[in-house]
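What follows is coords_20.cif (mmCIF, C-alpha atoms and all ligand atoms).
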data_structure
#
loop_
_atom_site.label_atom_id
_atom_site.label_comp_id
_atom_site.auth_asym_id
_atom_site.auth_seq_id
_atom_site.Cartn_x
_atom_site.Cartn_y
_atom_site.Cartn_z
CA MET V 207 -78.56 -156.01 3.24
CA THR V 208 -78.28 -159.72 4.10
CA LYS V 209 -78.92 -161.08 7.57
CA THR V 210 -75.20 -161.74 8.00
CA ASP V 211 -74.36 -158.09 7.09
CA ARG V 212 -76.97 -156.92 9.57
CA ASP V 213 -75.55 -159.24 12.28
CA THR V 214 -72.02 -158.04 11.64
CA ARG V 215 -73.17 -154.42 11.89
CA ASN V 216 -74.99 -155.14 15.17
CA TYR V 217 -71.91 -156.77 16.60
CA SER V 218 -69.75 -153.89 15.48
CA VAL V 219 -72.02 -151.65 17.59
CA LEU V 220 -71.63 -154.07 20.49
CA GLY V 221 -67.83 -154.07 20.07
CA HIS V 222 -67.75 -150.27 20.41
CA GLU V 223 -70.13 -150.36 23.35
CA ILE V 224 -67.93 -152.92 25.15
CA MET V 225 -64.85 -150.74 24.60
CA THR V 226 -66.66 -147.62 25.86
CA ARG V 227 -67.82 -149.44 28.96
CA ILE V 228 -64.33 -150.75 29.62
CA GLU V 229 -63.18 -147.10 29.67
CA THR V 230 -66.04 -146.15 32.01
CA LEU V 231 -65.21 -149.01 34.35
CA ALA V 232 -61.55 -147.95 34.33
CA SER V 233 -62.57 -144.64 35.93
CA HIS V 234 -63.15 -146.66 39.12
CA THR V 235 -59.52 -146.65 40.22
CA GLU V 236 -57.73 -146.15 43.53
CA GLN V 237 -55.16 -143.89 41.94
CA GLU V 238 -55.99 -141.19 39.42
CA GLY V 239 -54.03 -141.76 36.19
CA GLU V 240 -53.47 -145.49 36.74
CA MET V 241 -55.58 -148.64 36.72
CA THR V 242 -55.54 -149.99 40.25
CA ARG V 243 -58.64 -151.60 41.71
CA THR V 244 -58.04 -154.02 44.55
CA TYR V 245 -60.52 -156.02 46.59
CA MET V 246 -63.04 -154.10 48.69
CA THR V 247 -61.61 -150.62 48.19
CA ALA V 248 -63.95 -147.72 47.35
CA ALA V 249 -62.94 -148.01 43.67
CA HIS V 250 -63.76 -151.73 43.72
CA ARG V 251 -67.17 -151.13 45.33
CA GLY V 252 -67.90 -148.40 42.77
CA ALA V 253 -67.06 -150.79 39.92
CA ALA V 254 -69.31 -153.47 41.46
CA SER V 255 -72.31 -151.15 41.51
CA GLN V 256 -71.62 -149.91 37.97
CA ILE V 257 -71.52 -153.52 36.72
CA ALA V 258 -74.71 -154.35 38.65
CA SER V 259 -76.56 -151.50 36.96
CA TRP V 260 -75.38 -152.57 33.49
CA MET V 261 -76.54 -156.13 34.24
CA SER V 262 -79.90 -154.92 35.35
CA GLU V 263 -80.31 -152.67 32.26
CA ALA V 264 -79.50 -155.74 30.14
CA GLY V 265 -82.53 -157.54 31.58
CA MET V 266 -80.81 -159.64 34.23
CA ALA V 267 -81.79 -160.22 37.86
CA VAL V 268 -78.76 -159.11 39.86
CA ARG V 269 -77.47 -160.40 43.18
CA GLU V 270 -74.25 -159.97 45.17
CA ASP V 271 -72.94 -162.94 47.13
CA ALA V 272 -71.10 -162.85 50.45
CA VAL V 273 -67.61 -162.54 48.93
CA GLY V 274 -68.68 -159.65 46.66
CA ASN V 275 -69.23 -161.40 43.33
CA VAL V 276 -71.86 -159.57 41.29
CA ILE V 277 -74.04 -162.09 39.46
CA GLY V 278 -76.52 -161.30 36.70
CA ARG V 279 -79.03 -164.00 35.78
CA TYR V 280 -80.85 -164.08 32.45
CA GLU V 281 -83.63 -166.55 33.09
CA GLY V 282 -84.16 -169.53 30.79
CA THR V 283 -87.40 -171.13 29.68
CA ASP V 284 -86.73 -174.52 31.27
CA PRO V 285 -86.86 -174.01 35.03
CA GLY V 286 -84.96 -177.24 35.77
CA SER V 287 -82.01 -176.50 33.50
CA ALA V 288 -78.46 -176.08 34.77
CA ILE V 289 -76.80 -172.67 34.30
CA LEU V 290 -74.57 -171.65 31.42
CA MET V 291 -72.09 -169.56 33.39
CA THR V 292 -69.72 -166.97 32.00
CA GLY V 293 -67.73 -164.10 33.48
CA SER V 294 -64.34 -162.88 34.61
CA HIS V 295 -62.87 -160.64 37.32
CA PHE V 296 -63.08 -156.89 37.94
CA ASP V 297 -60.15 -156.42 40.32
CA THR V 298 -56.77 -155.44 38.82
CA VAL V 299 -53.08 -155.58 39.64
CA ARG V 300 -51.52 -152.25 40.66
CA ASP V 301 -51.03 -149.96 37.67
CA GLY V 302 -52.31 -152.69 35.38
CA GLY V 303 -54.50 -152.72 32.27
CA LYS V 304 -58.20 -152.05 31.73
CA TYR V 305 -59.04 -155.17 29.73
CA ASP V 306 -57.68 -157.98 31.92
CA GLY V 307 -60.94 -159.26 33.44
CA PRO V 308 -63.55 -156.63 32.46
CA LEU V 309 -63.74 -157.85 28.84
CA GLY V 310 -65.12 -161.19 30.05
CA ILE V 311 -67.84 -159.42 32.06
CA LEU V 312 -68.86 -156.59 29.74
CA LEU V 313 -68.91 -158.68 26.56
CA PRO V 314 -71.52 -161.17 27.82
CA ILE V 315 -73.57 -158.33 29.36
CA ALA V 316 -73.68 -156.68 25.90
CA CYS V 317 -74.76 -159.97 24.28
CA VAL V 318 -77.47 -160.58 26.89
CA ALA V 319 -78.76 -157.02 26.38
CA GLU V 320 -79.03 -157.77 22.65
CA TRP V 321 -80.94 -161.03 23.25
CA ASN V 322 -83.18 -159.19 25.69
CA ARG V 323 -83.93 -156.51 23.06
CA GLN V 324 -84.82 -159.28 20.61
CA GLY V 325 -86.95 -161.06 23.25
CA LYS V 326 -84.78 -164.15 22.83
CA ARG V 327 -84.56 -166.71 25.63
CA PHE V 328 -82.72 -170.02 25.86
CA PRO V 329 -83.87 -173.18 27.62
CA PHE V 330 -81.06 -172.70 30.16
CA PRO V 331 -80.43 -169.66 32.35
CA ILE V 332 -77.29 -167.64 31.68
CA GLU V 333 -75.39 -166.28 34.67
CA VAL V 334 -72.77 -163.60 34.09
CA VAL V 335 -70.43 -163.51 37.07
CA ALA V 336 -68.32 -160.45 37.78
CA PHE V 337 -65.78 -162.17 40.01
CA CYS V 338 -64.74 -159.78 42.75
CA GLU V 339 -61.11 -160.87 43.11
CA GLU V 340 -58.69 -162.88 41.04
CA GLU V 341 -55.30 -161.17 41.24
CA GLY V 342 -54.51 -161.64 44.95
CA VAL V 343 -53.02 -158.16 45.26
CA ARG V 344 -54.46 -156.59 48.41
CA PHE V 345 -54.57 -159.63 50.70
CA LYS V 346 -52.00 -161.89 48.98
CA ALA V 347 -54.69 -164.49 48.28
CA PRO V 348 -55.89 -164.86 44.69
CA LEU V 349 -59.11 -166.14 43.09
CA LEU V 350 -61.35 -165.29 46.06
CA GLY V 351 -64.49 -164.86 43.96
CA SER V 352 -64.27 -168.11 42.03
CA ARG V 353 -63.18 -170.00 45.13
CA ALA V 354 -66.31 -168.88 46.97
CA ILE V 355 -68.49 -170.16 44.11
CA ALA V 356 -66.56 -173.43 43.78
CA GLY V 357 -66.80 -174.00 47.54
CA SER V 358 -63.00 -173.93 47.99
CA PHE V 359 -62.64 -170.58 49.77
CA ASP V 360 -60.04 -171.04 52.52
CA LYS V 361 -61.46 -169.11 55.48
CA SER V 362 -58.04 -168.71 57.09
CA VAL V 363 -57.32 -165.99 54.49
CA LEU V 364 -59.96 -163.80 56.17
CA GLU V 365 -57.21 -162.99 58.70
CA ASN V 366 -54.72 -161.90 55.97
CA VAL V 367 -53.84 -158.22 56.33
CA ASP V 368 -53.26 -155.55 53.70
CA ASP V 369 -50.33 -153.09 53.79
CA GLN V 370 -52.24 -150.93 56.31
CA GLY V 371 -52.89 -153.86 58.69
CA VAL V 372 -56.59 -154.14 57.77
CA THR V 373 -57.78 -157.76 57.74
CA MET V 374 -59.76 -159.13 54.83
CA ARG V 375 -62.62 -159.83 57.24
CA GLU V 376 -62.64 -156.17 58.37
CA ALA V 377 -62.54 -154.91 54.78
CA MET V 378 -65.51 -157.13 53.83
CA ILE V 379 -67.57 -156.05 56.84
CA SER V 380 -66.86 -152.33 56.24
CA ALA V 381 -68.04 -152.81 52.65
CA GLY V 382 -71.32 -154.24 53.97
CA LEU V 383 -70.62 -157.93 53.30
CA ASP V 384 -71.13 -160.73 55.79
CA PRO V 385 -68.20 -163.20 55.81
CA THR V 386 -70.21 -165.62 57.97
CA GLN V 387 -72.39 -166.22 54.89
CA LEU V 388 -69.51 -167.31 52.62
CA ASP V 389 -70.64 -170.93 52.47
CA ALA V 390 -73.95 -169.83 50.94
CA ALA V 391 -72.08 -168.50 47.88
CA ALA V 392 -70.96 -172.01 46.93
CA MET V 393 -72.56 -173.87 44.03
CA SER V 394 -72.44 -177.63 43.51
CA LYS V 395 -71.51 -179.98 40.70
CA GLY V 396 -74.52 -180.15 38.40
CA ASP V 397 -75.64 -176.55 39.04
CA ILE V 398 -73.50 -175.28 36.16
CA ALA V 399 -73.82 -177.00 32.77
CA ALA V 400 -70.66 -175.26 31.50
CA TYR V 401 -68.47 -172.24 32.24
CA LEU V 402 -67.02 -170.14 29.41
CA GLU V 403 -64.64 -167.25 30.13
CA VAL V 404 -63.73 -164.68 27.50
CA HIS V 405 -60.36 -163.06 28.28
CA ILE V 406 -57.61 -161.16 26.52
CA GLU V 407 -54.69 -163.43 25.68
CA GLN V 408 -52.16 -161.38 27.69
CA GLY V 409 -49.43 -162.50 25.32
CA PRO V 410 -48.30 -162.05 21.71
CA VAL V 411 -49.27 -165.34 20.02
CA LEU V 412 -52.55 -164.29 18.35
CA LEU V 413 -51.16 -160.87 17.48
CA GLU V 414 -48.09 -162.34 15.80
CA GLU V 415 -50.20 -164.83 13.84
CA ASN V 416 -52.69 -162.14 12.83
CA ARG V 417 -55.65 -163.93 14.41
CA GLY V 418 -58.42 -162.29 16.43
CA LEU V 419 -59.36 -165.27 18.59
CA GLY V 420 -58.02 -168.49 20.04
CA VAL V 421 -59.40 -171.43 22.01
CA VAL V 422 -57.60 -172.25 25.25
CA THR V 423 -56.50 -175.84 25.74
CA ALA V 424 -55.39 -175.67 29.39
CA ILE V 425 -54.46 -173.18 32.10
CA SER V 426 -50.92 -173.52 33.45
CA GLY V 427 -50.34 -174.62 37.02
CA SER V 428 -48.35 -172.40 39.35
CA SER V 429 -46.43 -172.44 42.61
CA ARG V 430 -45.95 -169.18 44.50
CA PHE V 431 -43.79 -168.45 47.52
CA MET V 432 -42.68 -165.62 49.77
CA LEU V 433 -39.03 -165.95 50.75
CA GLU V 434 -37.79 -164.03 53.78
CA LEU V 435 -34.03 -163.65 54.11
CA GLN V 436 -32.35 -162.64 57.36
CA GLY V 437 -28.67 -161.67 57.33
CA VAL V 438 -26.71 -159.04 59.23
CA ALA V 439 -27.18 -155.31 58.67
CA GLY V 440 -23.90 -153.42 58.69
CA HIS V 441 -22.01 -150.33 57.61
CA ALA V 442 -21.76 -150.09 53.80
CA GLY V 443 -18.33 -148.47 54.05
CA THR V 444 -16.56 -150.56 56.65
CA VAL V 445 -17.44 -154.25 56.36
CA PRO V 446 -15.17 -156.09 53.87
CA MET V 447 -16.98 -157.95 51.11
CA ALA V 448 -15.94 -161.37 52.37
CA SER V 449 -17.42 -160.72 55.83
CA ARG V 450 -20.93 -159.80 54.78
CA ASN V 451 -24.25 -161.62 55.20
CA ASP V 452 -26.03 -159.52 52.61
CA THR V 453 -29.65 -160.54 51.93
CA VAL V 454 -29.99 -158.61 48.66
CA MET V 455 -26.95 -160.28 47.15
CA ALA V 456 -28.33 -163.68 48.27
CA GLY V 457 -31.74 -162.79 46.81
CA ALA V 458 -30.14 -161.63 43.57
CA GLU V 459 -28.25 -164.91 43.25
CA ILE V 460 -31.47 -166.84 43.89
CA ALA V 461 -33.35 -164.75 41.29
CA LEU V 462 -30.65 -165.37 38.69
CA TYR V 463 -30.76 -169.09 39.41
CA ILE V 464 -34.55 -169.03 38.89
CA GLU V 465 -34.01 -167.36 35.53
CA LYS V 466 -31.39 -169.92 34.50
CA ARG V 467 -33.47 -172.92 35.64
CA CYS V 468 -36.64 -171.69 33.95
CA ASN V 469 -34.76 -171.15 30.71
CA GLU V 470 -34.10 -174.89 30.61
CA SER V 471 -37.65 -175.98 29.63
CA PRO V 472 -39.96 -174.44 27.06
CA GLY V 473 -43.20 -173.36 28.75
CA LEU V 474 -41.58 -173.05 32.20
CA VAL V 475 -41.50 -169.49 33.56
CA GLY V 476 -40.23 -167.98 36.80
CA THR V 477 -40.77 -164.49 38.18
CA VAL V 478 -39.56 -162.51 41.18
CA GLY V 479 -42.20 -159.78 41.12
CA GLN V 480 -41.58 -158.33 44.57
CA PHE V 481 -38.23 -157.70 46.21
CA ASN V 482 -38.42 -155.58 49.34
CA VAL V 483 -35.69 -154.42 51.68
CA PRO V 484 -37.56 -153.36 54.83
CA ASN V 485 -35.87 -150.32 56.46
CA GLY V 486 -33.20 -150.40 53.74
CA ALA V 487 -30.88 -147.43 53.21
CA GLY V 488 -28.17 -146.63 50.68
CA ASN V 489 -25.38 -146.84 53.26
CA VAL V 490 -26.54 -149.99 55.08
CA ILE V 491 -25.78 -153.59 54.09
CA PRO V 492 -29.28 -155.10 53.81
CA GLY V 493 -29.89 -157.41 56.77
CA HIS V 494 -33.43 -158.29 55.78
CA ALA V 495 -35.09 -158.86 52.42
CA VAL V 496 -38.38 -160.34 51.31
CA MET V 497 -39.04 -161.63 47.79
CA SER V 498 -41.86 -163.33 45.96
CA ILE V 499 -41.30 -166.31 43.66
CA ASP V 500 -43.81 -167.41 41.01
CA ILE V 501 -43.12 -170.56 38.98
CA ARG V 502 -45.51 -171.74 36.25
CA ALA V 503 -45.67 -174.38 33.55
CA GLY V 504 -48.29 -176.08 31.39
CA GLU V 505 -47.01 -179.45 32.61
CA ASP V 506 -47.14 -180.02 36.34
CA SER V 507 -44.15 -182.41 36.42
CA ILE V 508 -41.96 -179.74 34.79
CA ARG V 509 -43.08 -177.11 37.34
CA ARG V 510 -42.61 -179.45 40.31
CA SER V 511 -39.13 -180.47 39.27
CA ALA V 512 -38.14 -176.79 38.82
CA VAL V 513 -39.56 -175.95 42.26
CA ASP V 514 -37.53 -178.80 43.83
CA ASP V 515 -34.34 -177.54 42.20
CA ILE V 516 -35.04 -173.93 43.18
CA GLN V 517 -35.64 -174.93 46.81
CA ALA V 518 -32.39 -176.89 46.88
CA GLU V 519 -30.51 -173.94 45.41
CA ILE V 520 -32.05 -171.52 47.94
CA ASP V 521 -30.77 -173.82 50.73
CA SER V 522 -27.31 -173.95 49.27
CA ILE V 523 -27.02 -170.20 48.53
CA CYS V 524 -28.25 -169.27 52.01
CA THR V 525 -25.92 -171.73 53.75
CA ARG V 526 -22.89 -170.48 51.78
CA ARG V 527 -23.74 -166.83 52.50
CA GLY V 528 -24.70 -167.28 56.17
CA ILE V 529 -28.29 -166.20 55.64
CA ARG V 530 -31.28 -167.53 57.58
CA LYS V 531 -34.35 -168.06 55.50
CA SER V 532 -38.01 -168.90 55.68
CA LEU V 533 -39.81 -170.01 52.54
CA GLU V 534 -43.60 -169.91 52.71
CA LYS V 535 -45.72 -171.41 49.95
CA THR V 536 -48.54 -168.92 49.36
CA TYR V 537 -50.31 -170.67 46.49
CA GLU V 538 -50.20 -173.85 44.49
CA ALA V 539 -52.44 -174.85 41.63
CA ALA V 540 -52.19 -177.74 39.20
CA SER V 541 -52.62 -177.16 35.50
CA VAL V 542 -56.28 -177.44 34.45
CA ALA V 543 -57.46 -178.73 31.07
CA CYS V 544 -60.37 -177.08 29.26
CA ALA V 545 -63.23 -179.46 28.39
CA SER V 546 -62.59 -180.86 24.94
CA TRP V 547 -66.29 -180.81 23.86
CA LEU V 548 -66.46 -177.10 24.71
CA GLN V 549 -63.21 -176.42 22.82
CA GLN V 550 -64.79 -178.19 19.86
CA SER V 551 -68.00 -176.10 20.11
CA LEU V 552 -65.98 -172.89 20.31
CA GLU V 553 -64.03 -173.89 17.20
CA GLU V 554 -67.27 -174.55 15.34
CA SER V 555 -68.54 -171.10 16.36
CA MET V 556 -65.28 -169.54 15.18
CA GLU V 557 -65.49 -171.33 11.85
CA ARG V 558 -69.05 -170.08 11.33
CA HIS V 559 -67.67 -166.55 11.68
CA GLY V 560 -64.72 -166.88 9.35
CA CYS V 561 -62.00 -167.58 11.95
CA THR V 562 -59.62 -170.46 11.47
CA PRO V 563 -59.50 -172.32 14.76
CA ARG V 564 -56.28 -171.91 16.75
CA ARG V 565 -55.73 -173.68 20.06
CA LEU V 566 -53.26 -172.34 22.60
CA PRO V 567 -52.49 -172.81 26.30
CA SER V 568 -52.92 -170.05 28.89
CA GLY V 569 -49.82 -169.14 30.87
CA ALA V 570 -51.89 -166.78 33.03
CA GLY V 571 -54.18 -167.96 35.80
CA HIS V 572 -57.94 -167.41 35.46
CA ASP V 573 -61.14 -167.87 37.46
CA GLY V 574 -61.98 -170.73 35.10
CA MET V 575 -59.29 -172.90 36.66
CA ILE V 576 -61.22 -172.84 39.95
CA ILE V 577 -64.70 -173.17 38.46
CA ALA V 578 -63.38 -176.26 36.61
CA ASP V 579 -63.64 -178.08 39.99
CA ILE V 580 -67.43 -178.01 39.70
CA ALA V 581 -68.19 -177.58 35.98
CA PRO V 582 -66.80 -178.23 32.50
CA MET V 583 -64.75 -175.15 31.64
CA ALA V 584 -63.60 -173.40 28.46
CA MET V 585 -61.93 -170.12 27.54
CA LEU V 586 -61.99 -167.93 24.47
CA PHE V 587 -58.88 -165.76 24.08
CA VAL V 588 -58.99 -162.40 22.33
CA ARG V 589 -55.95 -160.85 20.69
CA CYS V 590 -54.09 -158.10 22.59
CA GLY V 591 -52.50 -155.15 20.78
CA ASN V 592 -49.24 -153.48 21.66
CA GLY V 593 -47.02 -156.56 21.47
CA GLY V 594 -49.43 -158.53 23.66
CA ILE V 595 -48.38 -156.68 26.80
CA SER V 596 -50.54 -157.15 29.93
CA HIS V 597 -50.37 -156.38 33.66
CA ASN V 598 -49.15 -153.07 32.32
CA PRO V 599 -50.94 -149.79 31.52
CA GLY V 600 -49.99 -150.33 27.86
CA GLU V 601 -52.39 -153.31 27.64
CA THR V 602 -54.85 -152.88 24.77
CA MET V 603 -57.17 -154.58 22.29
CA SER V 604 -59.42 -153.46 19.42
CA ALA V 605 -63.16 -152.82 19.09
CA GLU V 606 -63.12 -155.06 15.97
CA ASP V 607 -61.85 -157.98 18.04
CA ALA V 608 -64.42 -157.23 20.76
CA ALA V 609 -67.09 -157.40 18.04
CA LEU V 610 -65.75 -160.66 16.62
CA ALA V 611 -65.50 -162.21 20.09
CA SER V 612 -69.10 -161.14 20.81
CA GLN V 613 -70.27 -162.81 17.62
CA VAL V 614 -68.47 -166.03 18.43
CA PHE V 615 -69.60 -165.95 22.06
CA ALA V 616 -73.21 -165.37 20.98
CA ASP V 617 -72.98 -168.17 18.42
CA PHE V 618 -71.59 -170.52 21.08
CA VAL V 619 -74.50 -169.71 23.43
CA GLU V 620 -77.13 -169.91 20.69
CA ASN V 621 -75.89 -173.39 19.74
CA PHE V 622 -75.18 -174.58 23.27
CA SER V 623 -76.64 -177.84 24.40
CA ALA V 624 -76.14 -178.61 28.06
CA THR V 625 -75.12 -182.19 27.53
CA GLU V 626 -71.69 -183.33 26.55
CA PRO V 627 -71.84 -185.20 23.22
CA VAL V 628 -71.15 -188.95 23.58
C1 LIG O 701 -53.36 -163.59 37.08
O1 LIG O 701 -53.39 -162.64 36.31
C2 LIG O 701 -52.18 -164.40 37.15
O2 LIG O 701 -52.00 -165.26 36.28
O3 LIG O 701 -51.36 -164.16 38.03
MN MN O 702 -57.31 -161.82 34.24
MN MN O 703 -54.35 -160.43 35.63
#

What is this structure when it is put down as structure tokens?
Ligand code: GLV
Ligand code: MN
Ligand code: MN
Amino acid sequence: MTKTDRDTRNYSVLGHEIMTRIETLASHTEQEGEMTRTYMTAAHRGAASQIASWMSEAGMAVREDAVGNVIGRYEGTDPGSAILMTGSHFDTVRDGGKYDGPLGILLPIACVAEWNRQGKRFPFPIEVVAFCEEEGVRFKAPLLGSRAIAGSFDKSVLENVDDQGVTMREAMISAGLDPTQLDAAAMSKGDIAAYLEVHIEQGPVLLEENRGLGVVTAISGSSRFMLELQGVAGHAGTVPMASRNDTVMAGAEIALYIEKRCNESPGLVGTVGQFNVPNGAGNVIPGHAVMSIDIRAGEDSIRRSAVDDIQAEIDSICTRRGIRKSLEKTYEAASVACASWLQQSLEESMERHGCTPRRLPSGAGHDGMIIADIAPMAMLFVRCGNGGISHNPGETMSAEDAALASQVFADFVENFSATEPV
């Protein structure tokens, strides 16, 4: 058996181990039968301690910072060297998939465990970060874990409340964290030589092209809003159509405009993912509705121009329908480019393992877009199965692709040099 055959067989074992662990991690869910794990719930705390014990078994020193990131450090031989950081998030959307996030934590843990078995060390330390929160589900504030590390955590979100009225601050304290120590979680420019995140693609491109892996060029920017519409509640049977101030009809017209506007530019996407009618009933004209709006594009100018048009249209629709409105921007992020020297290194690693390089943008947001504020950032995408579906229980990927991604990730690390080539 050649060394390459032996390596491939080892990585095949790692691929299966990663998939098994993803299943184990998925058992930490708020709701039996679905994958829901939001920030600081019992399921989330259970997942954090499971990840910590895997990190420690893999030979890493484990710590938890004040926001709840679990960080495993595999020490290097050069004490002065900056960190090679990798990781992803372990929170999920409600009724989402098992792979979105955990792959990028469990894959590097498996590779570190392998290096540890072989007694292999690098000049630089490797830190695997299990980011505690990326999706923004429970407290309507995303990317909490990476923001704490990048030093851009907005402390006003500690007062955000969940659906039960619990503040983020209260949830952190009940879980044993100390929000007054958040600043200590921050790292500085220079601490991290590079950040590489492995993540499922969450789309169909690699699947349709029959490729296991892709190198991300940039992460799309996004603008998110909550729109509250106030009309007049009334009797569904008695008020003539022309006399209504119906918030659902206004919201529907706004949603359809968003669809039409976003169809005008390739790469521009718009989503109304929440549409609530508080106290609504089948026989009452809805006097109050609340909807979310999420607009994204690879190019910031395209996104901004769509947002301007959508705001103007919201004004005009609400004026015409006699609806009062309040539009609150909940999140805005510019598009972030991946470091070209890291893209190049990833491509070289792919080529050494028989993959033709393929570059593609990421429409989804990732922790890497925040870490890019303090370190050069790159992402390796792994093919999804099942049409590329994600944020859906049908999300899937294969053990073979987990193995291939581990090989390429390991190759990248083994050939990593902390300085950008000139
Ligand atoms: C995260 O999954 C996002 O892109 O919303
Ligand atoms: Mn994700
Ligand atoms: Mn996600």

For each of V:Gln408, V:Ser471, V:Ser541, V:Thr477, take the minimum atom-to-atom distance to V:Asn592, counting only C-alpha atoms, then give the residue where this is smallest. V:Gln408

Polymer residues at most 9 Å from (-63.6, -180.7, 24.9) by only C-alpha atoms, as an MDAnalysis selection string: chainID V and resid 423 543:551 582:584 626

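We find atom CA of V:Arg323 and atom CA of V:Asp284 to be spaced 20.0 Å apart.
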
Neighbouring residues of ligand LIG 701 (chain O) are defined here as those with any atom at most 12 Å from a ligand atom, counting all atoms listed in the file; list them as a short mmCIF file (atom, residue, chain, number, x, y, z; two decimals) with C-alpha atoms, in the coordinates of the input.
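Result saved to pocket.cif:
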data_model
loop_
_atom_site.label_atom_id
_atom_site.label_comp_id
_atom_site.auth_asym_id
_atom_site.auth_seq_id
_atom_site.Cartn_x
_atom_site.Cartn_y
_atom_site.Cartn_z
CA SER V 294 -64.34 -162.88 34.61
CA HIS V 295 -62.87 -160.64 37.32
CA PHE V 296 -63.08 -156.89 37.94
CA ASP V 297 -60.15 -156.42 40.32
CA THR V 298 -56.77 -155.44 38.82
CA VAL V 299 -53.08 -155.58 39.64
CA ARG V 300 -51.52 -152.25 40.66
CA GLY V 302 -52.31 -152.69 35.38
CA GLY V 303 -54.50 -152.72 32.27
CA TYR V 305 -59.04 -155.17 29.73
CA ASP V 306 -57.68 -157.98 31.92
CA GLY V 307 -60.94 -159.26 33.44
CA GLU V 339 -61.11 -160.87 43.11
CA GLU V 340 -58.69 -162.88 41.04
CA GLU V 341 -55.30 -161.17 41.24
CA GLY V 342 -54.51 -161.64 44.95
CA VAL V 343 -53.02 -158.16 45.26
CA LYS V 346 -52.00 -161.89 48.98
CA ALA V 347 -54.69 -164.49 48.28
CA PRO V 348 -55.89 -164.86 44.69
CA LEU V 349 -59.11 -166.14 43.09
CA HIS V 405 -60.36 -163.06 28.28
CA ILE V 406 -57.61 -161.16 26.52
CA GLU V 407 -54.69 -163.43 25.68
CA GLN V 408 -52.16 -161.38 27.69
CA GLY V 409 -49.43 -162.50 25.32
CA ILE V 425 -54.46 -173.18 32.10
CA SER V 426 -50.92 -173.52 33.45
CA GLY V 427 -50.34 -174.62 37.02
CA SER V 428 -48.35 -172.40 39.35
CA SER V 429 -46.43 -172.44 42.61
CA ARG V 430 -45.95 -169.18 44.50
CA VAL V 475 -41.50 -169.49 33.56
CA GLY V 476 -40.23 -167.98 36.80
CA THR V 477 -40.77 -164.49 38.18
CA GLY V 479 -42.20 -159.78 41.12
CA ILE V 499 -41.30 -166.31 43.66
CA ASP V 500 -43.81 -167.41 41.01
CA ILE V 501 -43.12 -170.56 38.98
CA ARG V 502 -45.51 -171.74 36.25
CA ALA V 503 -45.67 -174.38 33.55
CA TYR V 537 -50.31 -170.67 46.49
CA GLU V 538 -50.20 -173.85 44.49
CA ALA V 539 -52.44 -174.85 41.63
CA SER V 541 -52.62 -177.16 35.50
CA SER V 568 -52.92 -170.05 28.89
CA GLY V 569 -49.82 -169.14 30.87
CA ALA V 570 -51.89 -166.78 33.03
CA GLY V 571 -54.18 -167.96 35.80
CA HIS V 572 -57.94 -167.41 35.46
CA ASP V 573 -61.14 -167.87 37.46
CA GLY V 574 -61.98 -170.73 35.10
CA MET V 575 -59.29 -172.90 36.66
CA SER V 596 -50.54 -157.15 29.93
CA HIS V 597 -50.37 -156.38 33.66
CA ASN V 598 -49.15 -153.07 32.32
#

Find the residues near stretch 324-337 of chain V: any atom within 9 Å, counting only C-alpha atoms, skip ones fewer than 5 places away on the same chain, and give them as a PyMOL selection string. chain V and resi 254+257-258+261+266+274-297+307-308+310-312+314-315+318-319+349-352+399+573+619-620+623-624

Using all atoms listed in the file: which of V:Leu313, V:Val363, V:Thr214, V:Pro599 has the shortest distance to V:Gly239: V:Pro599

Near stretch 601-612 of chain V, within 9 Å and counting all atoms listed in the file, which residues show up once chain neighbours fewer than 5 positions away are dropped, as number ranges by chain? V: 214, 216-225, 302-306, 309, 313-314, 316-317, 404, 406, 408, 418-419, 556, 559, 586-596, 617

Option closest in space to ligand MN 702 (chain O), from V:Ala442, V:Arg269, V:Cys338, V:Glu465 [counting all atoms listed in the file]: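 Residue with the minimum atom-to-atom distance to ligand MN 702 (chain O): V:Cys338.
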
Nearest candidate to ligand MN 702 (chain O) (options V:Ala249, V:Glu403, V:Tyr463, V:Leu388; using only C-alpha atoms and all ligand atoms): V:Glu403

Between atom CA of V:Ser362 and atom CA of V:Asp389, what is the spacing in Å?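 Interatomic distance here is 13.6 Å.
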
Computed interatomic separation between atom CA of V:Val513 and atom CA of V:Pro472 (Å):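 The value is 15.3 Å.
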
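Counting all atoms listed in the file and comparing V:Val372, V:Ala461, V:Met585, V:Pro446, the residue that lies closest to ligand MN 702 (chain O) is V:Met585.
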
Residue neighbourhood V:Thr386, 12 Å, all atoms listed in the file, exclusion window fewer than 4 positions, as a PyMOL selection string: chain V and resi 271-273+361+364+375+378-379+390-391

Find the residue from V:Glu459, V:Asp515, V:Asp301, V:Asp213 that sits nearest to ligand MN 703 (chain O); use all atoms listed in the file when measuring.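 For ligand MN 703 (chain O), the nearest of the candidates is V:Asp301.
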
Could you work out an axis-aligned box for stretch 309-318 of chain V, taking every atom the file lists and adding 8 Å on each side, and report centre and edge lengths in Å to one decimal, as lines of an AutoDock Vina configuration file?
center_x = -70.6
center_y = -158.9
center_z = 28.2
size_x = 29.7
size_y = 20.6
size_z = 23.8
